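One structure is given here, and the rest of the page talks about it.
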Amino acid sequence: MATSTPSTAYSRDLGDELRKVRETSTGLTGAALAVRLGWDPSKVSTLENGKYRPSEIDLVQYLSMLGKDIDFFEDFKRRYRYAFEEYIVQVPDNLRTLAMAESTATTITSYDPNAVPGLVQTPEYADGLYRLTGFVPEERIPTVVQFRMDRQAILRRHDRPKCLFYVHEQALRMKVGDHAIMEDQYAKLLFSSHVVRIVPADVPLAWTSCVLWEYEKAMPVAFTSTDLAKVFVQDPGVIARTRLLFDRLAEIALDAEQSRSKLAEYVGRPREDFHDPGQLMA
């Protein structure tokens with residue numbers, strides 16, 4: 001029987017990738033593959049759930065049974081080397097781990113001082129943000145906007161995560177696109193079925209954007225991103241500090257009803273004075 005290891009967002013992502021390779025390459029069940037490998041079925045299961053740290057021989061045996069060549073093995077080994085690290089840094093274009101971590105969370109708490117969080121953005125607002133940064137080539141913007149909209153499907157599931165979005169009023173004041181785009185974005189926040197709490201404009205922008213994902217059977221993950229990198233953290237000290245941040249925001253933010261009233265003030269108002277694009281979060 002395989003020894004289980006505490007999983008990370010990245011190890012679960014890579015384990016899921018292995019499962020998909022097995023299914024598309026062979027059509028074998030995990031149990032059937034285990035028989036062919038001479039492994040206990042639990043070893044395949046824990047590996048594909050990101051809860052087992054395989055040896056190099058384990059990976060060679062697994063991937064060769066799926067018909068993968070040495071180049072595939074070397075690439076996967078390189079990535080798996082960091083699977084169980086408490087800090088994982090990825091380039092912005094790598095969106096798979098983000099989507100996997102987000103879609104399997106039971107609770108999502110987020111804060112952004114400069115932009116509306118991606119899970120509650122309108123397509124037009126998301127498009128405008130990418131154009132403000134200039135980091136995404138124009139021809140790729142429709143693709144990355146669609147990916148962001150596809151992520152929002154988790155909020156329409158019957159078992160959707162419990163979400164709490166803290167949005168600084170600075171983000172409401174930053175003009176993205178034209179007035180119609182901003183009004184639609186305000187309305188989406190106002191009528192969101194999830195809890196949105198506004199941090200008043202007079203509260204200093206002292207913190208960076210961050211997200212805390214919590215899971216039923218895995219350690220929480222703190223996440224932050226910029227235009228240059230995505231960072232996933234499971235260090236207990238960082239998780240504790242992230243909780244303290246949200247505890248502080250709970251004290252100073254408007255409550256849900258006050259936040260709806262504040263958002264209602266913005267709907268339909270002309271906005272002429274918002275210019276600072278700030279640092280944007282996924």
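In the structure tokens, the first chain shown is A, the next is B, and so on; residue numbers restart at 1 for each chain, and ligands run from 1 in the order shown.
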Determine, counting only C-alpha atoms, which protein, DNA and RNA residues have an atom within 8 Å of an atom of stretch 80-84 of chain A; residues of the same chain fewer than 6 positions away are not included. Present the result as a ChimeraX atom specification. /A:7-8,10-11,14,53
- Message: Need to verify the contact set: A:Asp112, 10 Å, only C-alpha atoms, exclusion of same-chain residues closer than 2 positions in sequence. Can you return it as a VMD selection string?
- Response: chain A and resid 110 114 to 118 165 to 171 199 205 207 to 211 224 279 to 282
note - atom CA of A:Val60 and atom CA of A:Thr46 are separated by 16.6 Å
Separating atom CA of A:Ala153 from atom CA of A:Met182, to the nearest tenth of an Å, is a gap of 21.9 Å
Find, counting only C-alpha atoms, the residue in A:Phe147, A:Tyr52, A:Trp39, A:Tyr111 that gets nearest to A:Val196.
->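 Nearest to A:Val196: A:Tyr111.
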Quick one: residues within 12 Å of A:Arg260, only C-alpha atoms, excluding same-chain residues fewer than 2 positions away - as a PyMOL selection string? chain A and resi 167+186-198+254-258+262-267
A straight line from atom CA of A:Ala250 to atom CA of A:Val221 spans 19.5 Å
Contacts of A:Ala99 within 10 Å, only C-alpha atoms, excl. fewer than 5 positions in-chain, as a PDB file with N, CA and C atoms, in the first residue's frame:
```
ATOM      1  N   ASP A  13      -3.069  18.862  -9.141  1.00  0.00           N
ATOM      2  CA  ASP A  13      -3.158  19.186 -10.561  1.00  0.00           C
ATOM      3  C   ASP A  13      -2.386  18.168 -11.392  1.00  0.00           C
ATOM      4  N   ASN A  94       0.305  29.726 -17.308  1.00  0.00           N
ATOM      5  CA  ASN A  94      -0.048  28.408 -16.778  1.00  0.00           C
ATOM      6  C   ASN A  94      -1.316  28.560 -15.932  1.00  0.00           C
ATOM      7  N   THR A 104     -12.023  22.908  -7.025  1.00  0.00           N
ATOM      8  CA  THR A 104     -12.189  21.872  -6.005  1.00  0.00           C
ATOM      9  C   THR A 104     -12.337  22.442  -4.600  1.00  0.00           C
ATOM     10  N   PHE A 147     -11.389  31.993 -20.952  1.00  0.00           N
ATOM     11  CA  PHE A 147     -10.961  31.125 -19.850  1.00  0.00           C
ATOM     12  C   PHE A 147     -11.476  31.665 -18.525  1.00  0.00           C
ATOM     13  N   ARG A 148     -11.388  32.968 -18.337  1.00  0.00           N
ATOM     14  CA  ARG A 148     -11.879  33.571 -17.090  1.00  0.00           C
ATOM     15  C   ARG A 148     -13.375  33.374 -16.947  1.00  0.00           C
ATOM     16  N   ASP A 150     -15.105  30.909 -18.311  1.00  0.00           N
ATOM     17  CA  ASP A 150     -15.316  29.480 -18.076  1.00  0.00           C
ATOM     18  C   ASP A 150     -15.106  29.130 -16.608  1.00  0.00           C
ATOM     19  N   ARG A 151     -14.144  29.791 -15.954  1.00  0.00           N
ATOM     20  CA  ARG A 151     -13.910  29.542 -14.530  1.00  0.00           C
ATOM     21  C   ARG A 151     -15.142  29.846 -13.697  1.00  0.00           C
ATOM     22  N   GLN A 152     -15.938  30.801 -14.136  1.00  0.00           N
ATOM     23  CA  GLN A 152     -17.101  31.210 -13.352  1.00  0.00           C
ATOM     24  C   GLN A 152     -18.195  30.144 -13.303  1.00  0.00           C
ATOM     25  N   ILE A 154     -18.043  27.392 -11.960  1.00  0.00           N
ATOM     26  CA  ILE A 154     -18.089  26.746 -10.644  1.00  0.00           C
ATOM     27  C   ILE A 154     -19.092  27.426  -9.721  1.00  0.00           C
TER      28      ILE A 154
END
```
Open item on the list: Just list as a ChimeraX atom specification whatever in stretch 12-251 of chain A DSSP marks as alpha helix (DSSP H).
Closed with: /A:12-25,30-37,41-48,56-65,70-80,96-103,123-133,141-151,169-173,179-190,236-251
Neighbours of A:Phe135 within 10 Å (only C-alpha atoms; same-chain residues fewer than 4 positions away dropped), as a count of residues only?
6
